[in-house]
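What follows is the content of entry_21.tsv (TSV, C-alpha atoms).
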```
chain	number	residue	atom	x	y	z
A	1	MET	CA	-4.82	-10.43	36.33
A	2	THR	CA	-2.02	-12.31	34.53
A	3	GLU	CA	-1.44	-11.23	30.93
A	4	LEU	CA	-1.98	-13.95	28.34
A	5	PRO	CA	1.18	-15.27	26.62
A	6	TRP	CA	-0.04	-14.36	23.11
A	7	ARG	CA	-0.68	-10.78	24.18
A	8	ARG	CA	2.81	-10.53	25.69
A	9	LEU	CA	4.19	-11.86	22.41
A	10	LEU	CA	2.26	-9.26	20.43
A	11	ARG	CA	3.51	-6.45	22.68
A	12	TRP	CA	7.10	-7.67	22.29
A	13	LEU	CA	6.66	-7.95	18.51
A	14	HIS	CA	5.15	-4.46	18.29
A	15	LEU	CA	7.95	-2.96	20.41
A	16	SER	CA	10.72	-4.72	18.49
A	17	MET	CA	9.33	-3.79	15.08
A	18	GLY	CA	8.55	-0.26	16.22
A	19	LEU	CA	12.14	0.41	17.33
A	20	SER	CA	13.57	-1.01	14.08
A	21	VAL	CA	11.13	-0.90	11.16
A	22	GLY	CA	9.36	2.09	12.70
A	23	ALA	CA	12.50	4.22	12.68
A	24	VAL	CA	13.08	3.74	8.94
A	25	PHE	CA	9.39	4.16	8.20
A	26	CYS	CA	9.42	7.57	9.92
A	27	LEU	CA	12.00	8.82	7.43
A	28	ILE	CA	10.13	7.34	4.47
A	29	ALA	CA	6.86	8.88	5.67
A	30	LEU	CA	8.43	12.31	6.19
A	31	SER	CA	9.92	12.25	2.70
A	32	GLY	CA	6.51	11.20	1.36
A	33	SER	CA	4.89	14.23	2.98
A	34	ALA	CA	7.38	16.50	1.21
A	35	LEU	CA	6.76	14.76	-2.12
A	36	VAL	CA	3.02	15.45	-2.08
A	37	PHE	CA	3.91	18.96	-3.25
A	38	TYR	CA	7.27	18.25	-4.84
A	39	PRO	CA	6.65	20.05	-8.19
A	40	GLU	CA	5.55	23.16	-6.29
A	41	ILE	CA	8.47	22.99	-3.85
A	42	ASP	CA	10.94	22.46	-6.69
A	43	ALA	CA	9.57	25.52	-8.50
A	44	MET	CA	10.00	27.60	-5.34
A	45	LEU	CA	13.62	26.46	-5.08
A	46	HIS	CA	14.31	27.57	-8.68
A	47	PRO	CA	13.03	31.12	-9.22
A	48	GLU	CA	14.48	31.16	-12.74
A	49	MET	CA	11.48	29.04	-13.74
A	50	ASP	CA	8.98	31.80	-12.91
A	51	ASP	CA	6.94	32.40	-16.07
A	52	PRO	CA	3.47	33.98	-15.95
A	53	ARG	CA	2.53	32.60	-19.37
A	54	THR	CA	0.78	29.31	-20.18
A	55	ALA	CA	2.00	27.11	-23.02
A	56	SER	CA	-0.19	26.65	-26.08
A	57	LEU	CA	-0.11	23.60	-28.35
A	58	ALA	CA	2.02	25.57	-30.81
A	59	SER	CA	4.59	26.05	-28.01
A	60	TYR	CA	5.44	22.33	-28.18
A	61	ASP	CA	6.16	22.60	-31.93
A	62	ARG	CA	8.77	25.26	-31.20
A	63	ALA	CA	10.05	23.47	-28.08
A	64	ILE	CA	10.97	20.23	-29.86
A	65	ILE	CA	12.89	22.19	-32.52
A	66	VAL	CA	14.87	23.98	-29.77
A	67	LEU	CA	15.61	20.67	-28.01
A	68	ARG	CA	16.74	18.92	-31.21
A	69	GLU	CA	18.99	21.85	-32.12
A	70	THR	CA	20.45	22.14	-28.60
A	71	TYR	CA	20.97	18.46	-27.84
A	72	THR	CA	22.11	17.13	-31.20
A	73	ASP	CA	23.23	13.80	-29.70
A	74	LYS	CA	19.79	13.04	-28.18
A	75	HIS	CA	18.01	11.10	-30.93
A	76	GLY	CA	15.49	9.28	-28.75
A	77	PRO	CA	11.99	10.36	-27.71
A	78	TRP	CA	11.32	13.47	-25.64
A	79	ARG	CA	8.36	13.72	-23.28
A	80	PHE	CA	6.58	17.01	-22.60
A	81	GLU	CA	4.40	17.42	-19.53
A	82	VAL	CA	1.29	19.49	-20.27
A	83	THR	CA	0.59	21.12	-16.91
A	84	GLY	CA	-2.22	23.40	-18.08
A	85	ALA	CA	-0.94	26.04	-15.67
A	86	ALA	CA	1.25	29.11	-16.01
A	87	GLY	CA	4.95	28.31	-16.01
A	88	PRO	CA	7.65	26.72	-18.14
A	89	ILE	CA	7.30	23.56	-20.22
A	90	PRO	CA	8.82	20.50	-18.46
A	91	ALA	CA	10.55	18.04	-20.78
A	92	ARG	CA	12.27	14.71	-20.09
A	93	TYR	CA	14.78	12.65	-22.04
A	94	TYR	CA	14.85	9.09	-20.71
A	95	ASN	CA	17.97	6.91	-20.60
A	96	PRO	CA	20.58	9.49	-21.59
A	97	PRO	CA	24.12	8.09	-21.95
A	98	GLU	CA	25.36	10.50	-19.26
A	99	THR	CA	23.46	8.52	-16.58
A	100	ASP	CA	23.87	5.06	-18.05
A	101	GLY	CA	23.70	2.35	-15.40
A	102	ARG	CA	21.32	4.17	-13.08
A	103	ALA	CA	17.85	2.70	-12.68
A	104	PHE	CA	16.03	5.98	-13.28
A	105	ALA	CA	17.87	9.18	-14.15
A	106	PRO	CA	16.38	11.09	-17.09
A	107	MET	CA	17.67	14.44	-18.25
A	108	MET	CA	15.25	17.13	-17.08
A	109	VAL	CA	14.82	20.30	-19.16
A	110	TRP	CA	12.47	23.25	-18.74
A	111	LEU	CA	11.64	25.61	-21.61
A	112	SER	CA	9.92	28.98	-21.58
A	113	ALA	CA	6.15	28.82	-22.01
A	114	ASP	CA	6.46	29.93	-25.63
A	115	GLY	CA	8.90	27.07	-26.28
A	116	GLN	CA	11.60	29.34	-27.64
A	117	GLN	CA	14.36	29.00	-25.06
A	118	ILE	CA	15.70	26.64	-22.40
A	119	VAL	CA	15.52	28.12	-18.90
A	120	ARG	CA	16.89	25.19	-16.89
A	121	GLN	CA	18.57	21.82	-17.35
A	122	ASP	CA	19.28	19.22	-14.66
A	123	TRP	CA	19.70	15.50	-14.06
A	124	TRP	CA	17.27	13.44	-12.04
A	125	GLY	CA	18.90	12.58	-8.73
A	126	ASP	CA	21.23	15.61	-8.77
A	127	TYR	CA	18.84	18.17	-7.29
A	128	ALA	CA	17.00	18.32	-3.97
A	129	MET	CA	13.47	17.09	-4.67
A	130	THR	CA	14.58	14.19	-6.86
A	131	LEU	CA	16.96	13.07	-4.11
A	132	VAL	CA	13.99	13.08	-1.73
A	133	TYR	CA	11.99	11.11	-4.31
A	134	ASP	CA	14.73	8.52	-4.80
A	135	PHE	CA	15.08	8.12	-1.04
A	136	HIS	CA	11.33	7.64	-0.61
A	137	TYR	CA	11.05	5.15	-3.46
A	138	ARG	CA	14.41	3.35	-3.37
A	139	LEU	CA	16.29	4.47	-0.22
A	140	LEU	CA	18.86	5.75	-2.77
A	141	GLY	CA	19.56	2.10	-3.51
A	142	GLU	CA	18.44	1.59	-7.13
A	143	HIS	CA	16.50	-1.64	-7.80
A	144	ILE	CA	17.33	-3.41	-4.53
A	145	GLY	CA	16.29	-0.28	-2.64
A	146	ALA	CA	12.82	-0.42	-4.21
A	147	ILE	CA	12.46	-4.05	-3.11
A	148	ILE	CA	13.46	-3.13	0.45
A	149	VAL	CA	10.95	-0.26	0.50
A	150	GLY	CA	8.20	-2.56	-0.76
A	151	TRP	CA	8.77	-5.13	1.95
A	152	LEU	CA	9.13	-2.38	4.54
A	153	GLY	CA	5.62	-1.28	3.56
A	154	ILE	CA	4.32	-4.78	4.25
A	155	ALA	CA	6.26	-4.99	7.52
A	156	THR	CA	4.89	-1.63	8.65
A	157	THR	CA	1.35	-2.78	7.93
A	158	LEU	CA	2.02	-5.75	10.23
A	159	LEU	CA	3.46	-3.34	12.80
A	160	LEU	CA	0.21	-1.34	12.75
A	161	LEU	CA	-1.94	-4.47	13.03
A	162	SER	CA	0.18	-5.87	15.86
A	163	GLY	CA	-0.33	-2.62	17.77
A	164	LEU	CA	-4.09	-2.87	17.29
A	165	ALA	CA	-4.16	-6.51	18.41
A	166	ALA	CA	-1.93	-5.86	21.42
A	167	TRP	CA	-4.12	-2.93	22.53
A	168	TRP	CA	-7.51	-4.57	21.88
A	169	PRO	CA	-9.38	-4.23	25.20
A	170	LYS	CA	-10.71	-7.15	27.22
A	171	GLY	CA	-13.38	-4.99	28.79
A	172	SER	CA	-15.04	-1.65	28.09
A	173	LEU	CA	-14.07	-0.06	24.76
A	174	ARG	CA	-15.02	3.38	26.08
A	175	LYS	CA	-12.69	2.97	29.02
A	176	ALA	CA	-9.89	1.75	26.77
A	177	LEU	CA	-10.20	4.87	24.61
A	178	ARG	CA	-9.92	7.27	27.55
A	179	HIS	CA	-7.02	9.73	27.68
A	180	ARG	CA	-5.92	10.33	31.28
A	181	ARG	CA	-4.35	13.76	31.36
A	182	GLN	CA	-3.55	13.64	35.08
A	183	ALA	CA	-1.88	10.22	34.94
A	184	PRO	CA	1.89	9.65	35.26
A	185	ALA	CA	4.01	10.36	32.17
A	186	VAL	CA	4.29	6.71	31.19
A	187	ARG	CA	0.50	6.36	31.11
A	188	ARG	CA	-0.03	9.66	29.27
A	189	LEU	CA	2.46	8.60	26.61
A	190	ARG	CA	0.70	5.25	26.27
A	191	ASP	CA	-2.65	7.01	25.79
A	192	MET	CA	-1.16	9.41	23.22
A	193	HIS	CA	0.43	6.51	21.34
A	194	LYS	CA	-2.70	4.39	21.25
A	195	LEU	CA	-5.07	7.21	20.24
A	196	THR	CA	-2.73	8.43	17.51
A	197	GLY	CA	-2.26	4.87	16.28
A	198	LEU	CA	-6.00	4.20	16.18
A	199	ALA	CA	-6.69	7.45	14.33
A	200	ALA	CA	-3.90	6.82	11.83
A	201	LEU	CA	-4.39	3.07	11.39
A	202	ILE	CA	-6.49	3.03	8.22
A	203	PRO	CA	-4.80	5.90	6.30
A	204	LEU	CA	-1.30	4.69	7.25
A	205	ALA	CA	-2.12	1.10	6.30
A	206	LEU	CA	-3.48	2.38	2.97
A	207	LEU	CA	-0.27	4.33	2.31
A	208	CYS	CA	1.86	1.33	3.27
A	209	MET	CA	0.04	-1.15	1.05
A	210	THR	CA	-0.23	1.14	-1.98
A	211	GLY	CA	3.46	1.98	-1.57
A	212	ALA	CA	4.35	-1.70	-1.37
A	213	MET	CA	2.36	-2.47	-4.52
A	214	LEU	CA	4.01	0.40	-6.41
A	215	ALA	CA	7.48	-0.71	-5.31
A	216	LEU	CA	6.79	-4.41	-6.02
A	217	PRO	CA	4.80	-4.39	-9.29
A	218	ALA	CA	5.58	-8.00	-10.25
A	219	GLU	CA	4.51	-9.33	-6.86
A	220	SER	CA	1.42	-7.12	-6.98
A	221	GLU	CA	0.44	-8.48	-10.38
A	222	THR	CA	0.96	-12.06	-9.17
A	223	MET	CA	-1.39	-11.36	-6.26
A	224	LEU	CA	-4.10	-9.55	-8.24
A	225	THR	CA	-4.27	-11.67	-11.40
A	226	PRO	CA	-5.95	-14.74	-9.81
A	227	LEU	CA	-8.52	-12.42	-8.21
A	228	LEU	CA	-9.19	-9.89	-10.98
A	229	GLY	CA	-7.76	-11.38	-14.14
A	230	PRO	CA	-4.77	-10.04	-16.09
A	231	PRO	CA	-4.15	-6.32	-16.58
A	232	ASP	CA	-5.16	-4.72	-19.87
A	233	PRO	CA	-2.51	-5.07	-22.59
A	234	ALA	CA	-0.69	-2.01	-23.89
A	235	PRO	CA	-1.66	-0.89	-27.41
A	236	ASP	CA	0.57	-2.41	-30.11
A	237	SER	CA	2.11	0.39	-32.17
A	238	LYS	CA	3.13	-2.12	-34.87
A	239	GLN	CA	-0.42	-1.91	-36.20
A	240	LEU	CA	0.28	1.66	-37.34
A	241	THR	CA	1.49	0.95	-40.86
A	242	ALA	CA	2.39	4.40	-42.26
A	243	SER	CA	6.20	4.51	-42.51
A	244	THR	CA	7.14	7.42	-44.78
A	245	GLY	CA	6.44	11.09	-45.18
A	246	PRO	CA	7.05	14.30	-43.23
A	247	ASP	CA	6.61	14.21	-39.46
A	248	LEU	CA	3.41	15.61	-37.99
A	249	PRO	CA	4.05	18.52	-35.62
A	250	PRO	CA	3.34	17.78	-31.94
A	251	SER	CA	0.38	20.18	-31.92
A	252	GLN	CA	-1.37	18.19	-34.67
A	253	ALA	CA	-0.70	14.85	-32.97
A	254	ALA	CA	-2.06	16.21	-29.65
A	255	ALA	CA	-5.14	17.68	-31.34
A	256	THR	CA	-5.77	14.32	-33.03
A	257	ALA	CA	-5.60	12.54	-29.67
A	258	GLN	CA	-7.99	15.03	-28.11
A	259	ARG	CA	-10.49	14.43	-30.91
A	260	ALA	CA	-10.24	10.69	-30.25
A	261	LEU	CA	-11.03	11.24	-26.54
A	262	PRO	CA	-12.91	14.55	-26.61
A	263	ASN	CA	-13.73	14.69	-22.89
A	264	ALA	CA	-10.18	13.90	-21.74
A	265	ARG	CA	-7.51	16.35	-20.53
A	266	LEU	CA	-4.14	16.40	-22.27
A	267	ALA	CA	-1.34	15.46	-19.82
A	268	TRP	CA	1.80	14.30	-21.71
A	269	ILE	CA	3.11	14.41	-25.28
A	270	GLU	CA	5.85	11.92	-26.18
A	271	ILE	CA	7.70	12.93	-29.32
A	272	PRO	CA	8.93	9.91	-31.32
A	273	GLY	CA	12.66	9.41	-31.57
A	274	ALA	CA	14.70	7.95	-34.39
A	275	GLY	CA	13.16	4.62	-35.41
A	276	ASP	CA	9.88	5.21	-33.51
A	277	CYS	CA	6.67	5.03	-35.47
A	278	CYS	CA	4.28	7.14	-33.44
A	279	TYR	CA	3.49	9.85	-30.95
A	280	ARG	CA	2.34	8.63	-27.56
A	281	ILE	CA	-0.23	11.05	-26.12
A	282	ARG	CA	-1.33	10.59	-22.51
A	283	LEU	CA	-4.71	11.94	-21.37
A	284	GLN	CA	-6.92	11.95	-18.29
A	285	GLN	CA	-10.51	10.81	-18.54
A	286	ARG	CA	-12.97	12.15	-15.96
A	287	SER	CA	-13.17	8.76	-14.24
A	288	ASP	CA	-9.37	8.52	-13.96
A	289	PRO	CA	-8.20	9.49	-10.43
A	290	SER	CA	-4.64	10.34	-11.49
A	291	ARG	CA	-4.22	13.89	-12.78
A	292	ARG	CA	-0.46	14.00	-13.33
A	293	PHE	CA	0.05	10.44	-14.63
A	294	PRO	CA	-3.30	9.38	-16.12
A	295	HIS	CA	-3.88	6.08	-17.85
A	296	SER	CA	-5.52	6.79	-21.21
A	297	PHE	CA	-3.23	6.77	-24.25
A	298	VAL	CA	-3.66	7.64	-27.90
A	299	LEU	CA	-0.93	6.49	-30.29
A	300	VAL	CA	-0.78	8.67	-33.39
A	301	SER	CA	1.34	7.74	-36.41
A	302	ARG	CA	4.17	10.25	-36.78
A	303	TYR	CA	3.39	10.46	-40.52
A	304	ASP	CA	-0.40	10.09	-40.77
A	305	ALA	CA	-2.92	11.61	-38.31
A	306	GLY	CA	-5.51	9.22	-39.68
A	307	GLN	CA	-3.77	6.22	-38.10
A	308	ILE	CA	-4.30	6.03	-34.34
A	309	MET	CA	-4.72	3.50	-31.53
A	310	VAL	CA	-6.61	4.23	-28.32
A	311	LYS	CA	-6.35	2.84	-24.81
A	312	ASP	CA	-9.21	4.32	-22.80
A	313	ALA	CA	-8.93	4.09	-19.00
A	314	ALA	CA	-12.71	4.50	-18.76
A	315	ARG	CA	-12.97	1.00	-20.27
A	316	ALA	CA	-10.25	-0.62	-18.18
A	317	GLY	CA	-10.70	-4.05	-16.62
A	318	PRO	CA	-10.79	-4.56	-12.83
A	319	HIS	CA	-7.05	-5.33	-12.50
A	320	SER	CA	-6.05	-2.18	-14.38
A	321	ARG	CA	-8.59	-0.11	-12.44
A	322	VAL	CA	-6.94	-1.15	-9.17
A	323	ASN	CA	-3.51	-0.30	-10.59
A	324	ASN	CA	-4.79	3.06	-11.81
A	325	TRP	CA	-5.79	4.00	-8.24
A	326	LEU	CA	-2.49	3.08	-6.56
A	327	HIS	CA	-0.51	6.24	-7.25
A	328	PRO	CA	-3.29	8.80	-6.63
A	329	LEU	CA	-4.20	7.01	-3.38
A	330	HIS	CA	-0.57	6.96	-2.31
A	331	ASP	CA	0.12	10.65	-2.90
A	332	GLY	CA	-3.37	11.89	-2.05
A	333	SER	CA	-3.92	13.50	-5.45
A	334	PHE	CA	-7.20	11.68	-6.14
A	335	GLY	CA	-9.31	14.30	-4.34
A	336	GLY	CA	-7.47	17.53	-5.06
A	337	MET	CA	-5.99	19.93	-2.53
A	338	ALA	CA	-7.94	18.61	0.48
A	339	THR	CA	-6.70	15.02	0.14
A	340	ARG	CA	-3.16	16.18	-0.63
A	341	LEU	CA	-3.05	18.21	2.60
A	342	ALA	CA	-4.53	15.25	4.50
A	343	THR	CA	-1.80	13.00	3.10
A	344	VAL	CA	0.88	15.44	4.28
A	345	LEU	CA	-0.61	15.28	7.79
A	346	VAL	CA	-0.81	11.48	7.77
A	347	GLY	CA	2.85	11.33	6.73
A	348	LEU	CA	3.80	13.26	9.88
A	349	LEU	CA	1.98	10.92	12.27
A	350	PRO	CA	4.60	8.11	12.23
A	351	LEU	CA	7.07	10.56	13.82
A	352	LEU	CA	4.59	11.15	16.66
A	353	LEU	CA	4.01	7.42	17.04
A	354	PHE	CA	7.71	6.61	17.04
A	355	GLY	CA	8.57	9.47	19.40
A	356	SER	CA	5.87	8.65	21.94
A	357	GLY	CA	6.64	4.92	21.79
A	358	LEU	CA	10.39	5.45	22.18
A	359	TRP	CA	9.96	7.94	25.02
A	360	ARG	CA	7.63	5.61	26.89
A	361	TRP	CA	9.99	2.66	26.39
A	362	ARG	CA	12.92	4.68	27.76
A	363	LEU	CA	10.93	5.77	30.82
A	364	ARG	CA	9.84	2.20	31.56
A	365	HIS	CA	13.34	0.87	30.94
A	366	ARG	CA	14.81	3.47	33.29
A	367	ARG	CA	12.32	2.56	36.04
A	368	ALA	CA	12.99	-1.15	35.61
A	369	THR	CA	16.79	-0.75	35.75
A	370	PRO	CA	18.18	-0.69	39.31
A	371	GLN	CA	20.12	2.49	40.04
A	372	ARG	CA	23.72	1.94	41.08
A	373	PRO	CA	24.64	3.68	44.33
A	374	THR	CA	27.03	6.58	43.89
A	375	ARG	CA	30.34	6.42	45.66
A	376	GLY	CA	31.06	9.34	47.92
```
Could you rewrite the structure in this file as structure tokens?
Amino acid sequence: MTELPWRRLLRWLHLSMGLSVGAVFCLIALSGSALVFYPEIDAMLHPEMDDPRTASLASYDRAIIVLRETYTDKHGPWRFEVTGAAGPIPARYYNPPETDGRAFAPMMVWLSADGQQIVRQDWWGDYAMTLVYDFHYRLLGEHIGAIIVGWLGIATTLLLLSGLAAWWPKGSLRKALRHRRQAPAVRRLRDMHKLTGLAALIPLALLCMTGAMLALPAESETMLTPLLGPPDPAPDSKQLTASTGPDLPPSQAAATAQRALPNARLAWIEIPGAGDCCYRIRLQQRSDPSRRFPHSFVLVSRYDAGQIMVKDAARAGPHSRVNNWLHPLHDGSFGGMATRLATVLVGLLPLLLFGSGLWRWRLRHRRATPQRPTRG
């Protein structure tokens, strides 16, 4: 039976995109699998960060004093990650002059769990796991790299859909899903490719689209706003009027935020820098799928614990709720260890798809190319 022209076009499109877009996507997917556990891998690569203790709130009071005394030229805000687990205290200083001109390159510092000494200092992009992160997110290409990655995510979604459309059977679905183990190599590779593609279609498409939306936030907002309305506005710190007095310690600001959202888990403490009016405390509500970067904030005046502003993710509008799910869906963190491991596995499947497709194409190309006679 003669193949329809549109089906031939789809097969050509799928092959062409697979050998080009698919090759780059394999590398992005592999780096994504590594990043699912990048804090744990980074800790394994740096044994000096081994600390059996867990930081208390008072540890952050001591830690900010150590940072201010050590880095006397860093007058801006510091951000502490509250991991809740044993180990050192991670701290970040955004936009340091040493990395001026780079899109994202904070100074990374780790302090002992009691906050009394610095155990490690590094620059984002200068050590292994952040290089992997920058490749995955920006292809090491700063802002233009993020745009390329975003559109690659859309192109890869089209690649997956073109494969589905090109395969879609004209007859029995059961017969089309059969894997013929005794068939020639070309047919076995085709069966492996199609079954892997069908199994991976939905999770891979989800990773591609969430990745594209994370890499292209302006385009994502333009698409979602007509459907879901605008995203929730950020709290306006200008409404916090207290402007004089001694600074609150970080522990008091964090405790104030926890009283404002008593069922939320403390995740980040941003210490105000020179000219800033407030602490910015980040917390995770139970309904928030993102553990590491949750979406509830409490702004606490640096001078008066009685002046606060709250942004509660549990009360977010539909647009913000979609945005809040993008990162945990993309890295698999929304469901704990099981979904993280599943995301690692899904990230390995593009290599199997690309390898089986390339191998099959080479075998078919070799069979279709006439062999030149050897001269004796």
Next on the checklist: With distances taken over all atoms listed in the file, which residue among A:Leu326, A:Ile269, A:Leu161, A:Val310 lies nearest Met209 of chain A?
Outcome noted: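 Closest candidate: A:Leu326.
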Next on the checklist: Taking 6 positions as the minimum chain separation for residues in the same chain, which residues sit within 10 Å of segment 238-241 of chain A when counting only C-alpha atoms? Answer as a ChimeraX atom specification.
Outcome noted: /A:277-278,299-304,306-309
Item to check | Nearby residues (only C-alpha atoms) at most 7 Å from Gln117 of chain A, same-chain spacing under 5 positions excluded, as an MDAnalysis selection string | outcome: chainID A and resid 66 111:112
Go ahead and write the residues just picked, C-alpha atoms, as a compact mmCIF listing (two decimals), in the coordinates of the input.
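Final file, result-v3.txt:
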```txt
# COMPACT_ATOMS: atom_id res chain seq x y z
CA VAL A 66 14.87 23.98 -29.77
CA LEU A 111 11.64 25.61 -21.61
CA SER A 112 9.92 28.98 -21.58
```
Next on the checklist: List the spatial neighbours of segment 96-99 of chain A as an MDAnalysis selection string - criterion: any atom at most 12 Å away, all atoms listed in the file, same-chain residues fewer than 2 positions off excluded.
Outcome noted: chainID A and resid 71 73:78 92:94 101:108 122:126
Checklist entry - Which residue, A:Leu189, A:Ala254, A:Ala86, A:Leu351, has the smallest gap to Asp50 of chain A when you use all atoms listed in the file? => result A:Ala86
Next on the checklist: Could you check the closest approach to Phe80 of chain A for each of A:Lys194, A:Arg120, A:Arg68, A:Arg282 and tell me which residue wins, using all atoms listed in the file?
Outcome noted: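 Checking each candidate against Phe80 of chain A, we get A:Arg282 as the closest.
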Checklist entry - How many Å separate atom CA of Ala91 of chain A from atom CA of Arg53 of chain A? => result 16.7 Å
Checklist entry - At a cut-off of 10 Å from (-2.2, -3.8, 19.4) in the coordinates of the file, what residues are picked up using only C-alpha atoms, written as number ranges by chain? => result A: 7, 10-11, 13-14, 159-169, 194, 197-198
Item to check | Option closest in space to Asp191 of chain A, from A:Trp325, A:Gly84, A:Leu216, A:Leu177 [counting all atoms listed in the file] | outcome: A:Leu177
